[in-house]
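Visitor: Here's a structure for you.
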Amino acid sequence: MLPSVTAPGPHPAHTGLRQLLDLLAEGATAEALAGPAAEARAAGAGPDELAALAEATETALRIRRTLSQHRRREAQLTALFDTASDLAALRDLDSVLRAIVHRSKLLLGTDVTYLSLNDDEAGDTYMRVTDGAVAPAFQQVRLGMGEGLGGLVAQTARPYATGDYQADTRFHHTTAIDSAVHDEGLRAILGVPLRVGTRVIGVLYAADRTPRTFTPDEVALLSSLADHAAIAIDGARLLEETRAALDDLNSASRTIQAHSEAMRRAEQAHDQLTDLVLRGGDATGVAAQIADILDAGILIHDADGAELARTGTEPLPPPARAVAASRASGRAVPLDGTWVCAVLAGPELLGSIALTGRPALADADRLLFERAGVVTALLLLLRRSVAETEDRVRGELLNDLLATSGDPDSLAARARRLGIGLSHPHGVFVAHSETAPRHRLLAAAARSAHAHRGLAGIHHEQVVLLLPTRTPGTTAHALAAELGQAADAPVTVGAAGPTTGPAGLPDTHTEARQCLSALRALGRTGQGGALADLGFVGLLLGDPAGVSGYVRNTLGPLLGYDAERGTDLTGTLDAYFAQNASLTRTKDVLHVHVNTVVQRLDRIGRLLGADWNTPARALELQLALRLHRLAGTW
């Protein structure tokens, strides 16, 4: 009988190899990969088998390390792809930055990650996002350029790492930074720059609360994530700039549209006003149209401040300061709630427009108001051209009527064509002002003549009016007040008449001039009247040549003596008569001795004749003295 043979068991080396492959497939740890060799050794495997198994274990460990590196790189690439996806969406910059910081913490396996941004205005860097930080002081710390690890990274644009920050002397330590790092308990810190082109905008950090050394792969990974963060920040900035640019563009578009609408409205109003003027509209019609367009009160004044038209407001004199400012700037200007626009033809001031009831005038309406000023200038130019033509024709007719020659029938026919009926009683009025310019007085006289269906012009260098009236004295009194108000100065008016037909007008004009002379001689400046209103003194003063002759004939010897000797016998005689021939009162008035008065009266008697004190002669002397005193020396 043959002996029994036991079948050989599995070879220990083969079993260990199979176990290693299974462990690699399962992703076992390095300690687990050492298990098959230990089991074979315990089972009594031979040296050759143990050597083969040891070699296989080393190979398995290398494979495991390679697989781990691949998995880690896969995770890093996944993180980078996820970050790129977040950047593409860019829904919220803070969310993207928090995601980057959190992924950095997971991939590098650190306790804390955080991100700081540069503050160009303050010249430092501040904490923007943290993950894993617990100390409030750390989350709010600011680093100056060059201070601490982060400040050095921001300043040099290079990555820096330390295994133990507090003990590392490469960095500029400050109390604030060291205190914040200590509060957070950080030891190892890695910081990489966030760059946009060559410009550093911040720093991305990874930190541990225990000492460690950061590998080049970890520095590269954190730098890649920092680049993504920089792209996110710059993309958000560009997006914000784009949005701001779009907002500005939309605002500009709305402004252009509003301006275009304002220009269209202004042009339409300009066309309406121009059409109104060219169709013969007057100042009142233009003012009403402007007031309707702008929903405000309107006043129009000429260059002399006379009101030409008013609608929707109370009378208001044109403010000289505002008119001057508008004239200088060429724009409408506000003053105490009223807008004023100078009406100009080139540099010439034609008048002004005032707008009331709208203190806050929008730019569009201000432009429209200024356009109205241009149209008003056209109106005033046309008005002045027509007025100048009419005034020239009327002035020529007035000169011909006051001249001593001319065909009465022809003159009457010319007057009728101008609406002047000389068959009705008319008066002649001569106006004079010491202070008002003659052109202003003439303009006021022309307006008055138009209002009363008369004539006005310059004759013999004086302003003369021909007006229908039966009471020249009363009319002259009212005319002096009217012209004085219009010219803003006292105006004296001498009147004569009434007369009917052209034939008597030259003599009537002469009498009116004499009346004006009498009024001025009597000191009645700013008044009006006729010679009949002045009494016999007026009749005398109305003829200056006759008055001067009368005074010379009556007081000539006395005046001559005073002129040659430097005495005042004329004044003594005047005082003597004024005191009712009383020597005592006369010497008191003259402040001389009574004998001096007697001696002077003796001298007066020798010069004027012995009868100087008779009633008839005394009356003549008193009249001559009064005329001399009123009219001055002729």
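Residue numbering restarts at 1 for every chain of the structure tokens, chains are lettered A, B, ... in their displayed order, and ligands are numbered from 1 as they appear.
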Within 8 Å of Ala306 of chain A, counting only C-alpha atoms, which residues qualify if same-chain residues fewer than 4 places away don't, as number ranges by chain?
Guide: A: 301-302, 486
Visitor: List every residue of segment 93-173 of chain A that DSSP, applied to the backbone, labels as strand (DSSP E), and write the result as a count of residues only.
Guide: 22
Visitor: I'd like the contact shell of Ala188 of chain A - 9 Å cut-off, only C-alpha atoms, skipping same-chain residues fewer than 6 positions apart - returned as an MDAnalysis selection string.
Guide: chainID A and resid 161:165 206:214
Visitor: Output N, CA, C and O atoms for every residue in the selection just made, as a CSV table (one decimal), in the first residue's frame.
Guide:
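Writing done, so here's result_2.csv:
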```csv
chain,number,residue,atom,x,y,z
A,161,ALA,N,5.8,82.2,3.0
A,161,ALA,CA,5.2,81.2,3.9
A,161,ALA,C,6.1,81.1,5.2
A,161,ALA,O,7.3,81.4,5.1
A,162,THR,N,5.5,80.8,6.3
A,162,THR,CA,6.3,80.6,7.5
A,162,THR,C,5.7,79.4,8.3
A,162,THR,O,4.5,79.3,8.3
A,163,GLY,N,6.6,78.6,8.9
A,163,GLY,CA,6.1,77.5,9.7
A,163,GLY,C,5.7,78.0,11.1
A,163,GLY,O,4.9,77.3,11.7
A,164,ASP,N,6.2,79.1,11.6
A,164,ASP,CA,5.9,79.6,12.9
A,164,ASP,C,6.0,81.2,12.8
A,164,ASP,O,7.1,81.7,13.0
A,165,TYR,N,4.9,81.9,12.6
A,165,TYR,CA,4.9,83.3,12.3
A,165,TYR,C,5.6,84.1,13.5
A,165,TYR,O,6.4,85.0,13.2
A,206,ALA,N,-3.5,80.9,3.7
A,206,ALA,CA,-3.9,79.6,4.4
A,206,ALA,C,-3.1,79.5,5.6
A,206,ALA,O,-1.9,79.8,5.6
A,207,ALA,N,-3.7,79.2,6.8
A,207,ALA,CA,-2.9,79.2,8.1
A,207,ALA,C,-3.4,78.0,8.9
A,207,ALA,O,-4.5,77.6,8.9
A,208,ASP,N,-2.4,77.5,9.7
A,208,ASP,CA,-2.7,76.4,10.7
A,208,ASP,C,-2.4,76.9,12.1
A,208,ASP,O,-1.5,77.8,12.3
A,209,ARG,N,-3.0,76.3,13.1
A,209,ARG,CA,-2.7,76.7,14.4
A,209,ARG,C,-1.6,75.8,15.0
A,209,ARG,O,-1.3,76.0,16.2
A,210,THR,N,-1.0,75.0,14.2
A,210,THR,CA,0.2,74.2,14.6
A,210,THR,C,1.3,74.5,13.6
A,210,THR,O,1.0,74.7,12.4
A,211,PRO,N,2.5,74.4,13.9
A,211,PRO,CA,3.6,74.6,12.9
A,211,PRO,C,3.5,73.5,11.8
A,211,PRO,O,3.2,72.4,12.0
A,212,ARG,N,3.8,73.9,10.6
A,212,ARG,CA,3.9,73.1,9.5
A,212,ARG,C,4.7,73.7,8.4
A,212,ARG,O,4.9,74.9,8.4
A,213,THR,N,5.0,72.9,7.4
A,213,THR,CA,5.7,73.4,6.2
A,213,THR,C,4.9,73.3,5.0
A,213,THR,O,4.3,72.2,4.7
A,214,PHE,N,4.7,74.4,4.3
A,214,PHE,CA,3.9,74.4,3.1
A,214,PHE,C,4.7,74.0,1.9
A,214,PHE,O,5.8,74.5,1.6
```
Visitor: With a distance cut-off of 12 Å and only C-alpha atoms, select the neighbouring residues of Val343 of chain A, excluding the residue or stretch itself and same-chain residues fewer than 2 positions from it, and output the selection as a PyMOL selection string.
Guide: chain A and resi 300-303+305+318+323-324+326-328+330-332+340-341+345-354+369-381
Visitor: Just write the chosen residues, N, CA, C and O atoms, as a short mmCIF file (atom, residue, chain, number, x, y, z; two decimals), in the first residue's frame.
Guide:
```cif
data_model
loop_
_atom_site.label_atom_id
_atom_site.label_comp_id
_atom_site.auth_asym_id
_atom_site.auth_seq_id
_atom_site.Cartn_x
_atom_site.Cartn_y
_atom_site.Cartn_z
N ILE A 300 -43.56 143.78 -20.00
CA ILE A 300 -42.59 144.21 -21.01
C ILE A 300 -42.37 145.71 -20.83
O ILE A 300 -43.33 146.48 -20.76
N HIS A 301 -41.11 146.11 -20.73
CA HIS A 301 -40.74 147.52 -20.59
C HIS A 301 -39.80 147.90 -21.73
O HIS A 301 -39.09 147.06 -22.28
N ASP A 302 -39.82 149.20 -22.07
CA ASP A 302 -38.87 149.68 -23.07
C ASP A 302 -37.56 150.03 -22.37
O ASP A 302 -37.39 149.84 -21.16
N ALA A 303 -36.61 150.55 -23.15
CA ALA A 303 -35.28 150.84 -22.61
C ALA A 303 -35.31 151.91 -21.54
O ALA A 303 -34.43 151.97 -20.68
N GLY A 305 -37.64 152.14 -19.31
CA GLY A 305 -38.37 151.64 -18.16
C GLY A 305 -39.87 151.85 -18.24
O GLY A 305 -40.58 151.54 -17.28
N PRO A 318 -38.90 147.85 -13.90
CA PRO A 318 -37.82 146.91 -14.24
C PRO A 318 -36.64 147.08 -13.30
O PRO A 318 -36.13 148.19 -13.13
N VAL A 323 -31.57 143.75 -14.92
CA VAL A 323 -31.48 144.03 -16.36
C VAL A 323 -30.02 144.13 -16.79
O VAL A 323 -29.61 143.58 -17.83
N ALA A 324 -29.20 144.81 -15.97
CA ALA A 324 -27.77 144.93 -16.29
C ALA A 324 -27.09 143.57 -16.27
O ALA A 324 -26.25 143.27 -17.14
N SER A 326 -28.50 140.60 -16.80
CA SER A 326 -28.96 139.85 -17.97
C SER A 326 -28.30 140.36 -19.24
O SER A 326 -27.93 139.57 -20.12
N ARG A 327 -28.15 141.66 -19.33
CA ARG A 327 -27.50 142.25 -20.52
C ARG A 327 -26.05 141.79 -20.62
O ARG A 327 -25.56 141.50 -21.72
N ALA A 328 -25.36 141.70 -19.48
CA ALA A 328 -23.95 141.30 -19.49
C ALA A 328 -23.78 139.82 -19.81
O ALA A 328 -22.86 139.43 -20.53
N GLY A 330 -26.24 137.74 -21.20
CA GLY A 330 -27.02 137.25 -22.32
C GLY A 330 -28.02 136.18 -21.92
O GLY A 330 -28.59 135.51 -22.78
N ARG A 331 -28.25 135.99 -20.61
CA ARG A 331 -29.18 135.00 -20.11
C ARG A 331 -30.21 135.65 -19.20
O ARG A 331 -29.99 136.74 -18.68
N ALA A 332 -31.34 134.98 -19.01
CA ALA A 332 -32.33 135.44 -18.04
C ALA A 332 -31.78 135.22 -16.64
O ALA A 332 -31.14 134.21 -16.37
N VAL A 340 -35.82 138.04 -15.00
CA VAL A 340 -35.69 139.21 -15.86
C VAL A 340 -34.78 138.85 -17.03
O VAL A 340 -33.72 138.24 -16.85
N CYS A 341 -35.21 139.24 -18.23
CA CYS A 341 -34.42 138.99 -19.44
C CYS A 341 -34.29 140.30 -20.21
O CYS A 341 -35.30 140.93 -20.56
N ALA A 345 -30.66 144.04 -29.11
CA ALA A 345 -30.40 143.96 -30.55
C ALA A 345 -28.90 144.22 -30.69
O ALA A 345 -28.46 145.36 -30.74
N GLY A 346 -28.12 143.12 -30.70
CA GLY A 346 -26.67 143.30 -30.60
C GLY A 346 -26.35 143.82 -29.21
O GLY A 346 -26.85 143.33 -28.20
N PRO A 347 -25.52 144.84 -29.13
CA PRO A 347 -25.21 145.41 -27.81
C PRO A 347 -26.26 146.40 -27.31
O PRO A 347 -26.22 146.82 -26.16
N GLU A 348 -27.20 146.78 -28.17
CA GLU A 348 -28.17 147.82 -27.81
C GLU A 348 -29.29 147.24 -26.95
O GLU A 348 -29.88 146.21 -27.27
N LEU A 349 -29.58 147.93 -25.85
CA LEU A 349 -30.68 147.54 -24.98
C LEU A 349 -31.97 148.16 -25.50
O LEU A 349 -32.13 149.38 -25.53
N LEU A 350 -32.92 147.30 -25.89
CA LEU A 350 -34.21 147.77 -26.38
C LEU A 350 -35.27 147.81 -25.28
O LEU A 350 -36.25 148.55 -25.40
N GLY A 351 -35.08 147.00 -24.24
CA GLY A 351 -36.06 146.94 -23.16
C GLY A 351 -35.80 145.71 -22.31
O GLY A 351 -34.68 145.19 -22.26
N SER A 352 -36.83 145.20 -21.66
CA SER A 352 -36.69 144.03 -20.81
C SER A 352 -38.04 143.34 -20.65
O SER A 352 -39.08 143.94 -20.87
N ILE A 353 -37.96 142.04 -20.31
CA ILE A 353 -39.15 141.26 -19.99
C ILE A 353 -38.99 140.75 -18.56
O ILE A 353 -37.91 140.30 -18.18
N ALA A 354 -40.05 140.82 -17.78
CA ALA A 354 -40.04 140.27 -16.42
C ALA A 354 -41.09 139.18 -16.33
O ALA A 354 -42.19 139.32 -16.86
N PHE A 369 -38.14 131.24 -22.20
CA PHE A 369 -38.28 132.65 -21.79
C PHE A 369 -37.25 133.52 -22.52
O PHE A 369 -37.55 134.62 -22.98
N GLU A 370 -36.04 132.99 -22.66
CA GLU A 370 -34.99 133.73 -23.38
C GLU A 370 -35.32 133.84 -24.87
O GLU A 370 -35.04 134.86 -25.50
N ARG A 371 -35.92 132.77 -25.43
CA ARG A 371 -36.38 132.85 -26.82
C ARG A 371 -37.44 133.93 -26.97
O ARG A 371 -37.48 134.66 -27.97
N ALA A 372 -38.31 134.06 -25.96
CA ALA A 372 -39.33 135.10 -26.00
C ALA A 372 -38.69 136.48 -26.01
O ALA A 372 -39.21 137.42 -26.62
N GLY A 373 -37.52 136.60 -25.34
CA GLY A 373 -36.80 137.87 -25.37
C GLY A 373 -36.32 138.22 -26.77
O GLY A 373 -36.35 139.40 -27.17
N VAL A 374 -35.91 137.21 -27.53
CA VAL A 374 -35.47 137.46 -28.92
C VAL A 374 -36.65 137.94 -29.77
O VAL A 374 -36.53 138.88 -30.57
N VAL A 375 -37.80 137.29 -29.58
CA VAL A 375 -38.99 137.69 -30.34
C VAL A 375 -39.42 139.10 -29.93
O VAL A 375 -39.83 139.91 -30.77
N THR A 376 -39.33 139.39 -28.65
CA THR A 376 -39.68 140.73 -28.18
C THR A 376 -38.75 141.78 -28.78
O THR A 376 -39.17 142.91 -29.08
N ALA A 377 -37.48 141.42 -28.95
CA ALA A 377 -36.54 142.34 -29.61
C ALA A 377 -37.00 142.63 -31.04
O ALA A 377 -36.96 143.79 -31.50
N LEU A 378 -37.46 141.58 -31.74
CA LEU A 378 -37.99 141.79 -33.09
C LEU A 378 -39.20 142.72 -33.05
O LEU A 378 -39.32 143.64 -33.87
N LEU A 379 -40.08 142.49 -32.08
CA LEU A 379 -41.27 143.34 -31.95
C LEU A 379 -40.87 144.80 -31.71
O LEU A 379 -41.40 145.72 -32.37
N LEU A 380 -39.94 145.03 -30.79
CA LEU A 380 -39.56 146.40 -30.46
C LEU A 380 -38.82 147.07 -31.62
O LEU A 380 -38.96 148.28 -31.83
N LEU A 381 -38.03 146.29 -32.37
CA LEU A 381 -37.36 146.86 -33.54
C LEU A 381 -38.38 147.28 -34.60
O LEU A 381 -38.27 148.37 -35.18
#
```
Visitor: Looking at only C-alpha atoms, which of A:Asp304, A:Asp94, A:Glu314, A:Asp275 is the one that sits closest to Ala229 of chain A?
Guide: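 Of A:Asp304, A:Asp94, A:Glu314, A:Asp275, the one nearest Ala229 of chain A is A:Asp94, counting only C-alpha atoms.
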Visitor: Based on DSSP run over this structure's backbone, return all residues of segment 467-549 of chain A in helix (DSSP H, G or I), as a PyMOL selection string.
Guide: chain A and resi 472-487+505-521+531-533+535-541+544-549
Visitor: Using the selection just defined, write its residues with N, CA and C atoms as a compact mmCIF listing (two decimals), in the first residue's frame.
Guide:
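The result, stored in result_34.txt:
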```
# COMPACT_ATOMS: atom_id res chain seq x y z
N PRO A 472 -55.96 175.10 -22.87
CA PRO A 472 -54.53 174.80 -22.91
C PRO A 472 -53.87 174.83 -21.53
N GLY A 473 -54.29 175.76 -20.65
CA GLY A 473 -53.67 175.85 -19.33
C GLY A 473 -53.87 174.57 -18.53
N THR A 474 -55.10 174.07 -18.50
CA THR A 474 -55.39 172.84 -17.78
C THR A 474 -54.66 171.65 -18.39
N THR A 475 -54.67 171.59 -19.75
CA THR A 475 -53.97 170.51 -20.44
C THR A 475 -52.48 170.56 -20.15
N ALA A 476 -51.88 171.76 -20.10
CA ALA A 476 -50.44 171.91 -19.83
C ALA A 476 -50.11 171.41 -18.43
N HIS A 477 -50.99 171.71 -17.47
CA HIS A 477 -50.75 171.26 -16.10
C HIS A 477 -50.72 169.72 -16.04
N ALA A 478 -51.69 169.06 -16.69
CA ALA A 478 -51.72 167.60 -16.70
C ALA A 478 -50.56 167.02 -17.50
N LEU A 479 -50.20 167.72 -18.60
CA LEU A 479 -49.11 167.23 -19.45
C LEU A 479 -47.77 167.30 -18.72
N ALA A 480 -47.56 168.33 -17.91
CA ALA A 480 -46.31 168.44 -17.15
C ALA A 480 -46.17 167.27 -16.19
N ALA A 481 -47.26 166.88 -15.54
CA ALA A 481 -47.21 165.75 -14.62
C ALA A 481 -46.97 164.44 -15.37
N GLU A 482 -47.65 164.28 -16.51
CA GLU A 482 -47.52 163.04 -17.29
C GLU A 482 -46.11 162.87 -17.84
N LEU A 483 -45.58 163.93 -18.45
CA LEU A 483 -44.23 163.86 -19.01
C LEU A 483 -43.18 163.72 -17.92
N GLY A 484 -43.38 164.37 -16.79
CA GLY A 484 -42.43 164.27 -15.68
C GLY A 484 -42.33 162.85 -15.16
N GLN A 485 -43.47 162.17 -15.07
CA GLN A 485 -43.45 160.78 -14.61
C GLN A 485 -42.78 159.88 -15.63
N ALA A 486 -43.06 160.10 -16.90
CA ALA A 486 -42.47 159.26 -17.95
C ALA A 486 -40.97 159.48 -18.07
N ALA A 487 -40.53 160.74 -17.94
CA ALA A 487 -39.11 161.06 -18.08
C ALA A 487 -38.35 160.92 -16.77
N LEU A 505 -51.17 178.88 -35.97
CA LEU A 505 -50.27 178.06 -35.18
C LEU A 505 -48.89 178.69 -34.94
N PRO A 506 -48.26 179.38 -35.93
CA PRO A 506 -46.95 179.97 -35.65
C PRO A 506 -47.00 180.96 -34.50
N ASP A 507 -48.00 181.88 -34.48
CA ASP A 507 -48.10 182.84 -33.38
C ASP A 507 -48.42 182.14 -32.06
N THR A 508 -49.23 181.10 -32.13
CA THR A 508 -49.55 180.34 -30.91
C THR A 508 -48.28 179.68 -30.35
N HIS A 509 -47.43 179.21 -31.25
CA HIS A 509 -46.18 178.60 -30.80
C HIS A 509 -45.29 179.64 -30.13
N THR A 510 -45.23 180.84 -30.69
CA THR A 510 -44.42 181.90 -30.09
C THR A 510 -44.92 182.23 -28.68
N GLU A 511 -46.23 182.30 -28.51
CA GLU A 511 -46.80 182.58 -27.20
C GLU A 511 -46.50 181.45 -26.21
N ALA A 512 -46.54 180.20 -26.70
CA ALA A 512 -46.23 179.06 -25.82
C ALA A 512 -44.77 179.12 -25.34
N ARG A 513 -43.87 179.53 -26.23
CA ARG A 513 -42.47 179.67 -25.82
C ARG A 513 -42.33 180.78 -24.78
N GLN A 514 -43.04 181.88 -24.98
CA GLN A 514 -43.00 182.97 -24.01
C GLN A 514 -43.55 182.50 -22.66
N CYS A 515 -44.59 181.69 -22.70
CA CYS A 515 -45.15 181.18 -21.46
C CYS A 515 -44.15 180.29 -20.73
N LEU A 516 -43.43 179.44 -21.49
CA LEU A 516 -42.40 178.60 -20.88
C LEU A 516 -41.32 179.45 -20.22
N SER A 517 -40.91 180.53 -20.90
CA SER A 517 -39.90 181.43 -20.32
C SER A 517 -40.43 182.05 -19.03
N ALA A 518 -41.71 182.46 -19.03
CA ALA A 518 -42.29 183.07 -17.84
C ALA A 518 -42.33 182.08 -16.68
N LEU A 519 -42.74 180.82 -16.97
CA LEU A 519 -42.79 179.81 -15.92
C LEU A 519 -41.41 179.58 -15.31
N ARG A 520 -40.41 179.51 -16.14
CA ARG A 520 -39.06 179.29 -15.63
C ARG A 520 -38.57 180.50 -14.84
N ALA A 521 -38.90 181.70 -15.32
CA ALA A 521 -38.48 182.91 -14.61
C ALA A 521 -39.14 183.01 -13.25
N LEU A 531 -50.10 181.73 -20.45
CA LEU A 531 -49.81 183.07 -19.98
C LEU A 531 -50.98 183.67 -19.22
N ALA A 532 -52.19 183.31 -19.64
CA ALA A 532 -53.36 183.86 -18.96
C ALA A 532 -53.43 183.41 -17.50
N ASP A 533 -52.75 182.28 -17.18
CA ASP A 533 -52.76 181.80 -15.81
C ASP A 533 -51.75 182.51 -14.92
N GLY A 535 -51.03 186.04 -14.80
CA GLY A 535 -51.26 187.45 -14.47
C GLY A 535 -50.37 188.38 -15.28
N PHE A 536 -50.34 189.65 -14.85
CA PHE A 536 -49.60 190.64 -15.65
C PHE A 536 -48.09 190.38 -15.58
N VAL A 537 -47.60 189.82 -14.45
CA VAL A 537 -46.17 189.49 -14.38
C VAL A 537 -45.82 188.47 -15.43
N GLY A 538 -46.69 187.52 -15.61
CA GLY A 538 -46.44 186.52 -16.63
C GLY A 538 -46.42 187.13 -18.01
N LEU A 539 -47.33 188.10 -18.25
CA LEU A 539 -47.35 188.75 -19.56
C LEU A 539 -46.03 189.46 -19.83
N LEU A 540 -45.47 190.08 -18.81
CA LEU A 540 -44.20 190.78 -18.98
C LEU A 540 -43.04 189.79 -19.15
N LEU A 541 -43.01 188.78 -18.26
CA LEU A 541 -41.90 187.83 -18.30
C LEU A 541 -41.94 186.97 -19.56
N PRO A 544 -38.89 188.22 -22.79
CA PRO A 544 -37.65 188.57 -22.11
C PRO A 544 -37.04 189.86 -22.61
N ALA A 545 -37.14 190.11 -23.92
CA ALA A 545 -36.54 191.36 -24.45
C ALA A 545 -37.26 192.57 -23.89
N GLY A 546 -38.60 192.53 -23.82
CA GLY A 546 -39.37 193.65 -23.27
C GLY A 546 -39.09 193.85 -21.80
N VAL A 547 -38.96 192.79 -21.03
CA VAL A 547 -38.69 192.88 -19.60
C VAL A 547 -37.33 193.52 -19.36
N SER A 548 -36.33 193.05 -20.08
CA SER A 548 -34.99 193.59 -19.86
C SER A 548 -34.94 195.07 -20.22
N GLY A 549 -35.65 195.44 -21.27
CA GLY A 549 -35.68 196.86 -21.64
C GLY A 549 -36.37 197.69 -20.56
```
Visitor: Hey, which of A:Tyr114, A:Glu58, A:Thr471, A:Val428 ends up closest to Val493 of chain A? Count only C-alpha atoms.
Guide: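 Ranking A:Tyr114, A:Glu58, A:Thr471, A:Val428 by distance to Val493 of chain A, first place goes to A:Val428.
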Visitor: Between atom CA of Thr169 of chain A and atom CA of Leu190 of chain A, what is the spacing in Å?
Guide: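 Result for atom CA of Leu190 of chain A versus atom CA of Thr169 of chain A: 15.3 Å, one decimal.
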Visitor: What is the distance between atom CA of Val491 of chain A and atom CA of Thr435 of chain A, in Å to one decimal?
Guide: 8.9 Å
Visitor: Quote the spacing between atom CA of Gly566 of chain A and atom CA of Arg603 of chain A in Å to one decimal place.
Guide: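 Interatomic distance here is 14.3 Å.
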Visitor: Quick one: residues within 12 Å of Thr125 of chain A, only C-alpha atoms counted, chain neighbours fewer than 5 positions away excluded, as a PyMOL selection string?
Guide: chain A and resi 115-120+140-155+177+193-194+200-204
Visitor: Val112 of chain A: which residues within 10 Å, counting only C-alpha atoms, same-chain residues fewer than 2 positions away excluded, as a ChimeraX atom specification?
Guide: /A:101-102,104-106,108-110,114,130-134,184,186,189,205-209
